[in-house]
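Visitor: One structure, as C-alpha coordinates, below. Some questions next.
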Amino acid sequence: MRVLLVDVPQPLRTALAAELGRHHEVREFAGDVLDAERCTAHAAVDVVVQGRLDIADGSAHIEHATRGTWNVLTTTRAERYVQLSSLRHFAAYDPRWVIDERWAPRPTTDPADLALYLAELTSREICRARPIQTCVLRLDEAGGLSTDEAVRAIVSEVEATDWPTGAEGG
(Lines give C-alpha, C1' and ligand atoms only; values in the text may rest on other atoms or scores of the structure.)
Protein backbone atom coordinates (compact mmCIF):
# COMPACT_ATOMS: atom_id res chain seq x y z
CA MET A 1 0.00 0.00 0.00
CA ARG A 2 0.98 3.60 -0.55
CA VAL A 3 0.63 5.50 2.73
CA LEU A 4 0.75 9.30 2.97
CA LEU A 5 1.68 10.90 6.30
CA VAL A 6 0.28 14.42 6.66
CA ASP A 7 1.18 16.71 9.56
CA VAL A 8 2.12 13.80 11.81
CA PRO A 9 4.20 15.33 14.62
CA GLN A 10 7.72 14.27 15.53
CA PRO A 11 8.93 11.90 16.96
CA LEU A 12 5.83 9.93 16.01
CA ARG A 13 6.35 10.63 12.29
CA THR A 14 9.83 9.11 12.17
CA ALA A 15 8.84 6.00 14.14
CA LEU A 16 5.64 5.57 12.13
CA ALA A 17 7.40 5.97 8.77
CA ALA A 18 9.98 3.38 9.79
CA GLU A 19 7.39 0.85 10.96
CA LEU A 20 5.02 1.30 8.02
CA GLY A 21 7.98 1.38 5.64
CA ARG A 22 8.73 -2.25 6.45
CA HIS A 23 5.69 -3.38 4.42
CA HIS A 24 4.38 -0.30 2.62
CA GLU A 25 5.50 2.59 0.47
CA VAL A 26 5.46 5.61 2.78
CA ARG A 27 5.34 9.19 1.56
CA GLU A 28 5.45 12.32 3.66
CA PHE A 29 3.35 15.30 2.66
CA ALA A 30 5.54 18.27 1.87
CA GLY A 31 3.92 21.67 2.08
CA ASP A 32 0.81 23.24 3.51
CA VAL A 33 -2.53 21.41 3.38
CA LEU A 34 -4.23 24.75 2.73
CA ASP A 35 -2.64 24.60 -0.75
CA ALA A 36 -5.09 22.44 -2.74
CA GLU A 37 -2.64 22.07 -5.62
CA ARG A 38 -0.02 20.64 -3.26
CA CYS A 39 -2.64 18.20 -1.94
CA THR A 40 -3.55 17.14 -5.49
CA ALA A 41 0.13 16.38 -6.15
CA HIS A 42 -0.07 13.74 -3.39
CA ALA A 43 -3.36 12.19 -4.51
CA ALA A 44 -2.06 8.80 -5.68
CA VAL A 45 -2.09 6.99 -2.34
CA ASP A 46 -4.11 4.21 -0.75
CA VAL A 47 -4.14 5.41 2.87
CA VAL A 48 -3.78 8.86 4.43
CA VAL A 49 -2.68 9.28 8.05
CA GLN A 50 -3.27 12.89 9.08
CA GLY A 51 -2.01 14.37 12.31
CA ARG A 52 -2.52 17.84 13.64
CA LEU A 53 -0.40 20.91 14.02
CA ASP A 54 -0.45 23.18 17.03
CA ILE A 55 -0.95 26.66 15.60
CA ALA A 56 -0.89 29.63 17.96
CA ASP A 57 -3.39 31.76 16.04
CA GLY A 58 -6.86 30.37 16.79
CA SER A 59 -8.46 31.28 13.46
CA ALA A 60 -5.54 29.87 11.49
CA HIS A 61 -5.66 26.71 13.60
CA ILE A 62 -9.36 26.18 12.85
CA GLU A 63 -8.87 26.94 9.15
CA HIS A 64 -6.00 24.47 8.94
CA ALA A 65 -8.06 21.80 10.71
CA THR A 66 -11.15 22.25 8.53
CA ARG A 67 -10.06 23.48 5.12
CA GLY A 68 -6.83 21.51 5.36
CA THR A 69 -8.73 18.31 6.12
CA TRP A 70 -11.15 19.15 3.29
CA ASN A 71 -8.27 19.65 0.84
CA VAL A 72 -6.57 16.39 1.78
CA LEU A 73 -9.74 14.32 1.57
CA THR A 74 -11.24 15.83 -1.56
CA THR A 75 -8.04 15.58 -3.60
CA THR A 76 -6.89 12.10 -2.62
CA ARG A 77 -7.70 8.79 -4.23
CA ALA A 78 -7.11 7.03 -0.90
CA GLU A 79 -9.56 4.38 0.19
CA ARG A 80 -8.74 4.81 3.89
CA TYR A 81 -8.17 7.79 6.12
CA VAL A 82 -6.77 7.67 9.66
CA GLN A 83 -7.11 10.92 11.53
CA LEU A 84 -5.05 11.49 14.66
CA SER A 85 -6.91 13.46 17.29
CA SER A 86 -6.85 13.80 21.06
CA LEU A 87 -8.69 12.79 24.19
CA ARG A 88 -8.39 16.34 25.53
CA HIS A 89 -12.14 16.83 24.88
CA PHE A 90 -12.74 14.50 27.80
CA ALA A 91 -10.22 16.01 30.23
CA ALA A 92 -12.86 17.74 32.36
CA TYR A 93 -14.92 14.56 32.83
CA ASP A 94 -14.83 12.65 36.08
CA PRO A 95 -11.68 10.47 35.98
CA ARG A 96 -13.68 7.52 37.32
CA TRP A 97 -15.77 7.42 34.15
CA VAL A 98 -14.75 4.92 31.51
CA ILE A 99 -14.51 6.80 28.22
CA ASP A 100 -14.74 4.65 25.09
CA GLU A 101 -15.41 5.14 21.37
CA ARG A 102 -19.14 5.66 21.94
CA TRP A 103 -18.62 8.92 23.83
CA ALA A 104 -19.23 12.10 21.84
CA PRO A 105 -16.76 14.90 22.52
CA ARG A 106 -17.91 18.21 23.90
CA PRO A 107 -15.07 20.62 23.26
CA THR A 108 -14.60 23.92 24.97
CA THR A 109 -14.62 27.15 22.98
CA ASP A 110 -10.82 27.21 23.07
CA PRO A 111 -9.65 27.33 19.41
CA ALA A 112 -7.29 24.38 19.93
CA ASP A 113 -10.19 22.25 21.20
CA LEU A 114 -12.50 23.42 18.44
CA ALA A 115 -9.87 22.75 15.78
CA LEU A 116 -9.54 19.11 16.84
CA TYR A 117 -13.28 18.64 17.01
CA LEU A 118 -14.02 20.40 13.72
CA ALA A 119 -11.32 18.38 11.95
CA GLU A 120 -13.07 15.21 13.14
CA LEU A 121 -16.47 16.47 11.96
CA THR A 122 -15.05 17.57 8.61
CA SER A 123 -13.46 14.20 7.93
CA ARG A 124 -16.55 12.26 8.94
CA GLU A 125 -18.88 14.32 6.77
CA ILE A 126 -16.62 14.15 3.72
CA CYS A 127 -16.22 10.41 4.14
CA ARG A 128 -19.97 9.92 4.31
CA ALA A 129 -20.25 11.25 0.77
CA ARG A 130 -17.08 9.79 -0.73
CA PRO A 131 -15.85 6.22 -1.12
CA ILE A 132 -13.26 6.52 1.65
CA GLN A 133 -13.25 4.76 5.00
CA THR A 134 -12.34 6.86 7.99
CA CYS A 135 -11.09 6.21 11.48
CA VAL A 136 -10.36 8.76 14.19
CA LEU A 137 -7.71 7.73 16.70
CA ARG A 138 -7.75 9.88 19.80
CA LEU A 139 -4.24 9.47 21.10
CA ASP A 140 -3.69 10.36 24.72
CA GLU A 141 -0.22 11.89 24.74
CA ALA A 142 -0.84 13.67 28.05
CA GLY A 143 -2.01 10.44 29.67
CA GLY A 144 1.25 8.65 29.09
CA LEU A 145 0.74 6.94 25.72
CA SER A 146 4.20 6.13 24.41
CA THR A 147 5.32 6.66 20.84
CA ASP A 148 5.59 2.88 20.42
CA GLU A 149 2.00 2.39 21.58
CA ALA A 150 0.77 5.15 19.25
CA VAL A 151 2.67 3.62 16.31
CA ARG A 152 1.15 0.19 17.03
CA ALA A 153 -2.35 1.69 17.15
CA ILE A 154 -1.90 3.57 13.87
CA VAL A 155 -0.31 0.63 12.04
CA SER A 156 -3.11 -1.59 13.30
CA GLU A 157 -5.71 0.76 11.76
CA VAL A 158 -3.79 1.16 8.49
CA GLU A 159 -3.54 -2.60 8.07
CA ALA A 160 -6.97 -3.58 9.49
CA THR A 161 -9.11 -5.78 7.28
CA ASP A 162 -12.42 -5.07 8.99
CA TRP A 163 -12.94 -1.36 8.37
CA PRO A 164 -16.52 -0.07 8.36
CA THR A 165 -17.91 1.15 5.05
CA GLY A 166 -19.72 4.30 4.00
CA ALA A 167 -21.71 6.14 6.67
CA GLU A 168 -20.68 3.53 9.25
CA GLY A 169 -17.12 4.90 9.19
CA GLY A 170 -15.62 6.99 11.91
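Just remember, in the C-alpha coordinates the first chain shown is A, the second B, etc., residues are 1-based per chain, and ligands are 1-based in the order shown.
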Would you give me, as a ChimeraX atom specification, the residues in range 69-157 of chain A that DSSP reads as helix (DSSP H, G or I)?

Guide: /A:69-75,88-90,111-129,147-157

Visitor: For Ala15 in chain A, find every residue with an atom within 10 Å (counting only C-alpha atoms), except residues of its own chain fewer than 5 positions away, and show them as a VMD selection string.

Guide: chain A and resid 10 20 to 21 147 to 148 150 to 151

Visitor: Next, the residues of the selection above should be written as a PDB file, in the first residue's frame with N, CA, C and O atoms.

Guide:
```
ATOM      1  N   GLN A  10       6.530  15.014  15.104  1.00  0.00           N
ATOM      2  CA  GLN A  10       7.718  14.272  15.527  1.00  0.00           C
ATOM      3  C   GLN A  10       7.600  14.002  17.021  1.00  0.00           C
ATOM      4  O   GLN A  10       6.976  14.781  17.713  1.00  0.00           O
ATOM      5  N   LEU A  20       5.836   1.528   9.219  1.00  0.00           N
ATOM      6  CA  LEU A  20       5.017   1.301   8.024  1.00  0.00           C
ATOM      7  C   LEU A  20       5.888   0.981   6.808  1.00  0.00           C
ATOM      8  O   LEU A  20       5.490   0.205   5.938  1.00  0.00           O
ATOM      9  N   GLY A  21       7.070   1.578   6.763  1.00  0.00           N
ATOM     10  CA  GLY A  21       7.979   1.380   5.637  1.00  0.00           C
ATOM     11  C   GLY A  21       8.487  -0.045   5.495  1.00  0.00           C
ATOM     12  O   GLY A  21       9.008  -0.421   4.440  1.00  0.00           O
ATOM     13  N   THR A 147       5.232   6.620  22.300  1.00  0.00           N
ATOM     14  CA  THR A 147       5.325   6.656  20.841  1.00  0.00           C
ATOM     15  C   THR A 147       5.145   5.265  20.275  1.00  0.00           C
ATOM     16  O   THR A 147       4.441   5.084  19.275  1.00  0.00           O
ATOM     17  N   ASP A 148       5.738   4.256  20.903  1.00  0.00           N
ATOM     18  CA  ASP A 148       5.594   2.880  20.420  1.00  0.00           C
ATOM     19  C   ASP A 148       4.140   2.427  20.434  1.00  0.00           C
ATOM     20  O   ASP A 148       3.672   1.777  19.495  1.00  0.00           O
ATOM     21  N   ALA A 150       1.477   4.387  20.279  1.00  0.00           N
ATOM     22  CA  ALA A 150       0.770   5.148  19.248  1.00  0.00           C
ATOM     23  C   ALA A 150       1.058   4.566  17.869  1.00  0.00           C
ATOM     24  O   ALA A 150       0.147   4.402  17.049  1.00  0.00           O
ATOM     25  N   VAL A 151       2.311   4.217  17.601  1.00  0.00           N
ATOM     26  CA  VAL A 151       2.674   3.619  16.312  1.00  0.00           C
ATOM     27  C   VAL A 151       1.925   2.307  16.118  1.00  0.00           C
ATOM     28  O   VAL A 151       1.362   2.057  15.045  1.00  0.00           O
TER      29      VAL A 151
END
```

Visitor: Restricting the calculation to only C-alpha atoms, which member of A:Tyr117, A:Pro111, A:Leu87, A:Leu145 is positioned closest to Gly58 in chain A?

Guide: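 Once distances to Gly58 in chain A are computed over only C-alpha atoms, the minimum belongs to A:Pro111.
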
Visitor: Using only C-alpha atoms, which of A:Arg88, A:Arg138, A:Arg77, A:Arg13 sits nearest Thr40 in chain A?

Guide: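 Nearest candidate to Thr40 in chain A out of A:Arg88, A:Arg138, A:Arg77, A:Arg13: A:Arg77.
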
Visitor: So, with only C-alpha atoms as the atoms that count, which of A:Ala153, A:Ala43, A:Leu114, A:Leu5 lies closest to Val26 in chain A?

Guide: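 For Val26 in chain A, the nearest of the given residues is A:Leu5.
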
Visitor: Do a neighbour search on Ile154 in chain A at 9 Å with only C-alpha atoms, toss out local chain neighbours closer than 3 positions, and write the hits as an MDAnalysis selection string.

Guide: chainID A and resid 16 49 82 84 137 149:151 157:159

Visitor: Can you list every residue in chain A that DSSP puts in strand (DSSP E), as a list in words?

Guide: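 Filtering chain A down to strand (DSSP E) leaves Arg2, Val3, Leu4, Leu5, Val6, Glu25, Val26, Arg27, Glu28, Val47, Val48, Val49, Gln50, Arg80, Tyr81, Val82, Gln83, Leu84, Ser85, Ser86, Gln133, Thr134, Cys135, Val136, Leu137, Arg138 and Leu139 of chain A.
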
Visitor: Nearest to Arg130 in chain A: which of A:Asp54, A:Glu28, A:Asp94, A:Glu79 is it, counting only C-alpha atoms?

Guide: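 Among the listed residues, A:Glu79 lies closest to Arg130 in chain A.
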
Visitor: Ranking A:Thr66, A:Asn71, A:Gln50, A:Gln133 by minimum distance to Asp7 in chain A and counting only C-alpha atoms, which one comes first?

Guide: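 Using only C-alpha atoms, Asp7 in chain A sits closest to A:Gln50.
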